[in-house]
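One file, structure_8.cif, is given below (mmCIF, C-alpha atoms).
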```
data_input
#
loop_
_atom_site.label_atom_id
_atom_site.label_comp_id
_atom_site.auth_asym_id
_atom_site.auth_seq_id
_atom_site.Cartn_x
_atom_site.Cartn_y
_atom_site.Cartn_z
CA MET A 1 0.00 0.00 0.00
CA ALA A 2 2.97 2.32 0.57
CA ARG A 3 3.80 2.05 -3.12
CA GLN A 4 0.30 3.12 -4.06
CA THR A 5 0.48 6.29 -1.92
CA SER A 6 3.94 7.20 -3.21
CA ASP A 7 3.00 6.67 -6.84
CA ILE A 8 -0.18 8.72 -6.59
CA GLU A 9 1.77 11.54 -4.95
CA ASN A 10 4.37 11.42 -7.73
CA CYS A 11 1.58 11.58 -10.28
CA VAL A 12 0.06 14.58 -8.49
CA LEU A 13 -3.34 12.92 -8.22
CA SER A 14 -5.24 14.30 -5.26
CA GLN A 15 -7.92 12.41 -3.42
CA SER A 16 -10.40 15.10 -4.39
CA PHE A 17 -9.61 14.45 -8.05
CA LEU A 18 -10.06 10.72 -7.67
CA SER A 19 -13.34 11.19 -5.82
CA LEU A 20 -14.79 12.97 -8.86
CA PHE A 21 -15.27 9.59 -10.50
CA GLU A 22 -16.97 7.81 -7.61
CA ASP A 23 -20.51 9.00 -8.26
CA ILE A 24 -20.62 9.51 -12.03
CA LYS A 25 -23.36 7.28 -13.35
CA ASN A 26 -22.31 4.34 -15.56
CA VAL A 27 -18.62 5.34 -15.63
CA LEU A 28 -15.86 2.90 -14.67
CA PHE A 29 -12.62 4.67 -13.71
CA PHE A 30 -9.09 3.33 -13.25
CA VAL A 31 -5.49 4.42 -12.71
CA LYS A 32 -2.59 2.15 -13.66
CA ASP A 33 1.15 2.45 -13.20
CA LYS A 34 3.64 1.94 -16.02
CA GLU A 35 3.76 -1.82 -15.37
CA GLY A 36 0.00 -2.11 -15.83
CA ALA A 37 -0.86 -2.61 -12.16
CA LEU A 38 -3.98 -0.89 -10.85
CA VAL A 39 -3.31 1.79 -8.24
CA HIS A 40 -6.87 3.11 -8.11
CA GLY A 41 -10.33 2.25 -9.36
CA ASN A 42 -13.77 3.49 -8.47
CA LEU A 43 -16.38 1.32 -6.78
CA ARG A 44 -18.26 0.69 -10.04
CA LEU A 45 -15.11 -0.73 -11.62
CA ALA A 46 -14.39 -2.95 -8.63
CA LYS A 47 -17.92 -4.35 -8.58
CA HIS A 48 -17.89 -4.89 -12.35
CA MET A 49 -14.78 -7.02 -11.80
CA GLY A 50 -16.43 -8.96 -8.97
CA PHE A 51 -14.85 -7.25 -5.95
CA SER A 52 -16.67 -5.59 -3.08
CA HIS A 53 -14.23 -2.70 -2.54
CA PRO A 54 -11.70 -0.82 -4.73
CA ASP A 55 -8.86 -1.71 -2.34
CA GLU A 56 -9.18 -5.33 -3.47
CA ILE A 57 -8.09 -4.56 -7.04
CA ILE A 58 -4.99 -2.55 -6.10
CA GLY A 59 -1.84 -4.15 -7.50
CA LYS A 60 -3.71 -6.43 -9.90
CA THR A 61 -3.09 -6.33 -13.66
CA ASP A 62 -5.45 -7.15 -16.52
CA PHE A 63 -3.81 -10.58 -16.72
CA ASP A 64 -4.93 -11.32 -13.15
CA ILE A 65 -8.57 -10.60 -14.01
CA PHE A 66 -9.36 -11.21 -17.69
CA PRO A 67 -8.78 -13.96 -20.30
CA VAL A 68 -5.25 -13.69 -21.65
CA GLU A 69 -6.37 -12.65 -25.17
CA MET A 70 -8.37 -9.72 -23.82
CA ALA A 71 -5.73 -8.78 -21.27
CA GLN A 72 -3.10 -8.61 -24.01
CA GLY A 73 -5.34 -6.34 -26.08
CA PHE A 74 -5.85 -3.99 -23.12
CA ARG A 75 -2.12 -4.01 -22.45
CA ASN A 76 -1.30 -3.20 -26.07
CA ASP A 77 -3.52 -0.12 -25.94
CA ASP A 78 -1.93 0.91 -22.64
CA ALA A 79 1.53 0.55 -24.16
CA MET A 80 0.64 2.91 -27.01
CA VAL A 81 -0.46 5.58 -24.52
CA LEU A 82 2.57 5.09 -22.28
CA GLU A 83 5.09 5.12 -25.13
CA SER A 84 3.59 8.00 -27.10
CA GLY A 85 2.49 10.14 -24.16
CA GLU A 86 -0.73 10.80 -26.04
CA GLU A 87 -4.34 9.98 -25.21
CA LYS A 88 -6.46 7.35 -26.97
CA LYS A 89 -10.14 8.17 -27.37
CA SER A 90 -13.24 6.10 -28.02
CA ILE A 91 -11.60 2.66 -28.07
CA ILE A 92 -14.55 0.36 -28.74
CA GLU A 93 -13.93 -2.97 -27.03
CA LEU A 94 -15.49 -5.81 -25.09
CA PHE A 95 -15.04 -5.54 -21.34
CA PRO A 96 -16.44 -8.60 -19.50
CA ASN A 97 -17.81 -8.49 -15.98
CA TYR A 98 -16.82 -10.88 -13.20
CA LEU A 99 -19.21 -13.52 -14.53
CA GLY A 100 -17.41 -13.43 -17.86
CA ASP A 101 -20.36 -11.81 -19.63
CA PRO A 102 -18.88 -9.40 -22.19
CA SER A 103 -20.39 -5.99 -22.81
CA TRP A 104 -19.32 -3.37 -25.32
CA PHE A 105 -17.63 -0.33 -23.84
CA SER A 106 -16.03 2.83 -25.15
CA THR A 107 -12.72 3.48 -23.40
CA HIS A 108 -10.78 6.73 -23.12
CA LYS A 109 -7.20 6.59 -21.83
CA ILE A 110 -4.79 9.44 -21.07
CA PRO A 111 -1.14 9.38 -19.93
CA LEU A 112 -0.15 10.59 -16.46
CA PHE A 113 3.08 12.48 -15.91
CA ASP A 114 5.22 12.89 -12.81
CA ARG A 115 6.63 16.21 -11.65
CA LYS A 116 9.63 15.78 -13.96
CA GLY A 117 7.39 15.46 -17.00
CA LYS A 118 7.97 11.73 -17.50
CA VAL A 119 5.11 9.34 -18.20
CA TRP A 120 4.36 7.58 -14.95
CA GLY A 121 1.19 5.67 -15.81
CA LEU A 122 -2.24 6.26 -17.22
CA CYS A 123 -5.85 6.68 -16.21
CA GLY A 124 -9.04 6.02 -18.09
CA ILE A 125 -12.79 5.77 -18.09
CA LEU A 126 -15.10 3.16 -19.57
CA GLN A 127 -18.72 3.77 -20.61
CA ARG A 128 -21.15 1.35 -22.16
CA TYR A 129 -21.03 1.81 -25.90
CA GLU A 130 -24.64 2.96 -26.18
CA ASP A 131 -24.15 5.58 -23.44
CA SER A 132 -20.90 6.85 -24.91
CA LEU A 133 -22.50 7.53 -28.28
CA LYS A 134 -24.86 9.99 -26.62
CA LEU A 135 -22.00 11.84 -24.94
CA MET A 136 -19.32 11.60 -27.61
CA ARG A 137 -17.98 14.89 -28.91
CA PRO A 138 -19.45 16.12 -32.20
CA PHE A 139 -18.00 14.70 -35.40
CA ASP A 140 -20.30 16.38 -37.92
CA ASP A 141 -17.60 16.44 -40.59
CA ILE A 142 -17.58 12.62 -40.86
CA GLN A 143 -21.13 11.94 -39.63
CA SER A 144 -22.35 10.91 -43.08
CA ALA A 145 -19.63 8.27 -43.36
CA VAL A 146 -20.21 6.97 -39.82
CA ASP A 147 -23.94 6.67 -40.50
CA TYR A 148 -23.20 4.77 -43.70
CA ILE A 149 -20.91 2.32 -41.90
CA ASN A 150 -23.53 1.79 -39.18
CA ASP A 151 -26.13 0.94 -41.86
CA HIS A 152 -23.88 -1.13 -44.15
CA PHE A 153 -21.29 -2.72 -41.83
CA LYS A 154 -22.06 -6.18 -43.26
CA GLU A 155 -20.80 -5.07 -46.66
CA LYS A 156 -17.34 -4.30 -48.01
CA ILE A 157 -16.89 -0.54 -47.85
CA SER A 158 -13.93 1.31 -49.30
CA ASN A 159 -12.37 4.32 -47.65
CA ILE A 160 -12.54 6.04 -51.01
CA GLU A 161 -16.34 5.87 -50.93
CA LEU A 162 -16.47 7.05 -47.34
CA ALA A 163 -14.09 9.94 -47.98
CA GLN A 164 -16.21 11.08 -50.92
CA MET A 165 -19.26 11.26 -48.64
CA THR A 166 -17.42 13.70 -46.39
CA GLY A 167 -15.78 15.77 -49.12
CA MET A 168 -12.33 14.93 -47.72
CA SER A 169 -9.34 13.28 -49.30
CA VAL A 170 -8.86 9.65 -48.32
CA ARG A 171 -5.87 10.54 -46.14
CA GLN A 172 -7.75 13.36 -44.40
CA PHE A 173 -10.75 11.12 -43.78
CA GLU A 174 -8.70 8.22 -42.41
CA ARG A 175 -6.80 10.56 -40.08
CA ARG A 176 -9.98 12.23 -38.86
CA PHE A 177 -11.80 8.91 -38.33
CA LYS A 178 -8.93 7.48 -36.32
CA ASN A 179 -8.72 10.67 -34.28
CA VAL A 180 -12.39 10.29 -33.28
CA PHE A 181 -12.67 6.50 -32.85
CA SER A 182 -9.05 5.43 -32.27
CA THR A 183 -9.41 2.78 -34.96
CA THR A 184 -9.78 2.45 -38.71
CA PRO A 185 -13.15 2.41 -40.52
CA HIS A 186 -12.58 -1.25 -41.40
CA LYS A 187 -11.89 -2.30 -37.81
CA TYR A 188 -14.85 -0.21 -36.62
CA ALA A 189 -17.11 -2.12 -39.03
CA ILE A 190 -15.67 -5.46 -37.87
CA LYS A 191 -16.46 -4.57 -34.26
CA LEU A 192 -20.02 -3.74 -35.25
CA ARG A 193 -20.29 -7.17 -36.89
CA ILE A 194 -19.12 -8.87 -33.71
CA PHE A 195 -21.49 -6.72 -31.66
CA LYS A 196 -24.36 -7.89 -33.88
CA ALA A 197 -23.12 -11.47 -33.72
CA CYS A 198 -23.28 -11.47 -29.92
CA GLU A 199 -26.92 -10.39 -30.07
CA SER A 200 -27.87 -12.83 -32.82
CA LEU A 201 -26.22 -15.87 -31.23
CA ILE A 202 -28.39 -15.45 -28.15
CA ASN A 203 -31.61 -14.07 -29.60
CA LYS A 204 -31.92 -15.69 -33.03
CA ASN A 205 -32.30 -19.29 -34.13
CA VAL A 206 -29.40 -19.25 -36.56
CA THR A 207 -26.41 -21.49 -37.20
CA ILE A 208 -22.90 -20.14 -36.96
CA ALA A 209 -22.36 -20.77 -40.68
CA GLU A 210 -25.51 -18.85 -41.56
CA LEU A 211 -24.58 -15.99 -39.26
CA ALA A 212 -21.08 -15.79 -40.72
CA LEU A 213 -22.45 -15.29 -44.23
CA GLU A 214 -25.17 -12.93 -43.02
CA LEU A 215 -22.56 -10.68 -41.41
CA GLY A 216 -20.34 -10.62 -44.47
CA PHE A 217 -17.54 -12.98 -43.44
CA TYR A 218 -15.86 -15.16 -46.04
CA ASP A 219 -16.75 -18.37 -44.21
CA GLN A 220 -17.48 -19.85 -40.79
CA SER A 221 -13.80 -20.24 -39.97
CA ALA A 222 -13.04 -16.56 -40.63
CA PHE A 223 -16.01 -15.55 -38.51
CA SER A 224 -15.10 -17.86 -35.62
CA ASN A 225 -11.48 -16.68 -35.56
CA THR A 226 -12.51 -13.01 -35.56
CA PHE A 227 -15.18 -13.59 -32.94
CA LYS A 228 -12.76 -15.33 -30.57
CA LYS A 229 -10.18 -12.57 -31.05
CA HIS A 230 -12.66 -9.96 -29.82
CA VAL A 231 -14.75 -11.91 -27.31
CA GLY A 232 -12.20 -14.35 -25.89
CA LEU A 233 -14.56 -17.27 -26.58
CA SER A 234 -15.54 -19.20 -29.68
CA PRO A 235 -19.12 -18.63 -30.91
CA LEU A 236 -20.12 -22.05 -29.53
CA GLN A 237 -18.54 -21.32 -26.15
CA TYR A 238 -20.28 -17.95 -26.06
CA VAL A 239 -23.68 -19.51 -26.76
CA SER A 240 -23.17 -22.28 -24.23
CA LYS A 241 -22.02 -19.87 -21.53
CA ASN A 242 -24.86 -17.39 -22.00
CA ARG A 243 -27.58 -20.02 -22.28
CA LYS A 244 -26.42 -21.48 -18.98
#
```
Take the structure I supplied and represent it as structure tokens, if you would.
Amino acid sequence: MARQTSDIENCVLSQSFLSLFEDIKNVLFFVKDKEGALVHGNLRLAKHMGFSHPDEIIGKTDFDIFPVEMAQGFRNDDAMVLESGEEKKSIIELFPNYLGDPSWFSTHKIPLFDRKGKVWGLCGILQRYEDSLKLMRPFDDIQSAVDYINDHFKEKISNIELAQMTGMSVRQFERRFKNVFSTTPHKYAIKLRIFKACESLINKNVTIAELALELGFYDQSAFSNTFKKHVGLSPLQYVSKNRK
């Protein structure tokens, strides 16, 4: 616990600052050191992870809590923030609760600096994807392209087409899209496909092969591999787990 106090002091994080995130509805908040260990989390985060008090998550890393595939993905994003010293906004990802039930969240991470100006760690917030869309900063300049992806994510969409909708060059559009969503249009569309797959596997009477084709994947194998990469479970494992 001494390490926690020292690190927070070095990072110039006051208790009053940390308390800001205790009562914000539907927001999970965390602070990690450079090694990926949690040094603070609000009560909502602790309970989402299956703990009764934030003190219980101190010192734990993503690898102590989540499936290794997901933990590695979280760690990769952290590494980008720590190495670049720049924030990452609107990372759309699955963030399972303590029962292993995955939900889609939008994550925002920023680097934390010590008094000497060196990156010490990072902090971030997570909001359910649906809630974050309501609060996300305006992106009117690419709204037409985003709406098109949301309506046609099952199809192959070229960045050239999307850029034309916004009146931007392809390079300008790709840069602007990544600035807003911290991912490429293609990866954004893939995540929407997996989001839809999670719903369909539970709520629709459809085979995995049928769903793969319906969502625009080349075949069942491609779908299953992509699904497991994002969810941490195969489609069959996901169905079995949620039906139980």
message: What's around Leu162 (chain A) at 10 Å? Count only C-alpha atoms, leave out sequence neighbours fewer than 2 positions away in its own chain, and write the answer as a PyMOL selection string.
response: chain A and resi 142+144-146+148-149+157-160+164-170+173-174+185
task: Name the residues that the PyMOL selection byres ((chain A and resi 231) around 12) pulls out of this structure, and write them as a PyMOL selection string.
output: chain A and resi 66-71+73+93-96+100-104+191+194-195+197-198+223-230+232-239
With all atoms listed in the file as the counted atoms, please give the residues lying no more than 7 Å from region 203-220 of chain A, apart from itself and same-chain residues fewer than 5 positions off, as a PDB file with C-alpha atoms, in the frame of the given file.
```pdb
ATOM      1  CA  LYS A 154     -22.060  -6.180 -43.260  1.00  0.00           C
ATOM      2  CA  GLU A 155     -20.800  -5.070 -46.660  1.00  0.00           C
ATOM      3  CA  ARG A 193     -20.290  -7.170 -36.890  1.00  0.00           C
TER       4      ARG A 193
END
```
- request: Give as a PyMOL selection string every residue, naming chains and numbers as the document does, that has an atom within 9 Å of (-10.5, 3.1, -31.9), counting only C-alpha atoms.
  value: chain A and resi 88-93+106-107+177-184+187-188
field: Separation of CA of Leu45 (chain A) from CA of His108 (chain A), in Å and rounded to one decimal
entry: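 Rounded to one decimal, the two atoms are 14.4 Å apart.
One distance worth recording is that between CA of Met80 (chain A) and CA of Lys60 (chain A), which is 20.0 Å.
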query: What does the distance from CA of Phe29 (chain A) to CA of Asp55 (chain A) come to in Å, to one decimal?
result: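 We find that CA of Phe29 (chain A) and CA of Asp55 (chain A) lie 13.6 Å from each other.
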- request: Check which residues satisfy the PyMOL selection byres ((chain A and resi 42) around 8) in the file shown, then give them as an MDAnalysis selection string.
  value: chainID A and resid 21:22 28:30 40:41 43:46 54
field: Pick from A:Phe153, A:Phe105, A:Phe51, A:Phe113 nearest to Glu86 (chain A), counting all atoms listed in the file
entry: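 So, comparing all the options, the nearest one is A:Phe113.
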From the block you just saw, export region 59-81 of chain A: N, CA and C atoms, as a CSV table (one decimal), in the first residue's frame.
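Saved file result10.csv follows:
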```csv
chain,number,residue,atom,x,y,z
A,59,GLY,N,-3.0,-3.3,-7.2
A,59,GLY,CA,-1.8,-4.2,-7.5
A,59,GLY,C,-2.1,-5.2,-8.5
A,60,LYS,N,-3.4,-5.4,-8.9
A,60,LYS,CA,-3.7,-6.4,-9.9
A,60,LYS,C,-3.5,-5.8,-11.3
A,61,THR,N,-3.2,-6.7,-12.3
A,61,THR,CA,-3.1,-6.3,-13.7
A,61,THR,C,-4.2,-7.0,-14.4
A,62,ASP,N,-4.4,-6.6,-15.7
A,62,ASP,CA,-5.5,-7.1,-16.5
A,62,ASP,C,-5.3,-8.7,-16.6
A,63,PHE,N,-4.1,-9.1,-16.6
A,63,PHE,CA,-3.8,-10.6,-16.7
A,63,PHE,C,-4.3,-11.4,-15.5
A,64,ASP,N,-4.4,-10.7,-14.4
A,64,ASP,CA,-4.9,-11.3,-13.2
A,64,ASP,C,-6.4,-11.4,-13.2
A,65,ILE,N,-7.1,-10.7,-14.1
A,65,ILE,CA,-8.6,-10.6,-14.0
A,65,ILE,C,-9.3,-11.1,-15.2
A,66,PHE,N,-8.7,-10.9,-16.4
A,66,PHE,CA,-9.4,-11.2,-17.7
A,66,PHE,C,-8.7,-12.4,-18.4
A,67,PRO,N,-9.4,-13.0,-19.4
A,67,PRO,CA,-8.8,-14.0,-20.3
A,67,PRO,C,-7.5,-13.4,-21.0
A,68,VAL,N,-6.5,-14.2,-21.2
A,68,VAL,CA,-5.3,-13.7,-21.7
A,68,VAL,C,-5.4,-12.9,-23.0
A,69,GLU,N,-6.3,-13.4,-23.9
A,69,GLU,CA,-6.4,-12.6,-25.2
A,69,GLU,C,-6.9,-11.2,-25.0
A,70,MET,N,-7.8,-11.1,-24.1
A,70,MET,CA,-8.4,-9.7,-23.8
A,70,MET,C,-7.3,-8.9,-23.1
A,71,ALA,N,-6.7,-9.5,-22.1
A,71,ALA,CA,-5.7,-8.8,-21.3
A,71,ALA,C,-4.6,-8.2,-22.2
A,72,GLN,N,-4.2,-9.0,-23.1
A,72,GLN,CA,-3.1,-8.6,-24.0
A,72,GLN,C,-3.6,-7.4,-24.9
A,73,GLY,N,-4.8,-7.5,-25.3
A,73,GLY,CA,-5.3,-6.3,-26.1
A,73,GLY,C,-5.4,-5.1,-25.3
A,74,PHE,N,-5.8,-5.2,-24.0
A,74,PHE,CA,-5.9,-4.0,-23.1
A,74,PHE,C,-4.4,-3.5,-22.9
A,75,ARG,N,-3.5,-4.4,-22.7
A,75,ARG,CA,-2.1,-4.0,-22.4
A,75,ARG,C,-1.5,-3.3,-23.7
A,76,ASN,N,-1.8,-3.8,-24.9
A,76,ASN,CA,-1.3,-3.2,-26.1
A,76,ASN,C,-1.7,-1.7,-26.2
A,77,ASP,N,-3.0,-1.5,-25.9
A,77,ASP,CA,-3.5,-0.1,-25.9
A,77,ASP,C,-2.8,0.7,-24.9
A,78,ASP,N,-2.6,0.2,-23.7
A,78,ASP,CA,-1.9,0.9,-22.6
A,78,ASP,C,-0.5,1.3,-23.1
A,79,ALA,N,0.1,0.3,-23.7
A,79,ALA,CA,1.5,0.6,-24.2
A,79,ALA,C,1.6,1.7,-25.2
A,80,MET,N,0.6,1.8,-26.0
A,80,MET,CA,0.6,2.9,-27.0
A,80,MET,C,0.5,4.3,-26.3
A,81,VAL,N,-0.3,4.3,-25.3
A,81,VAL,CA,-0.5,5.6,-24.5
A,81,VAL,C,0.8,5.9,-23.7
```
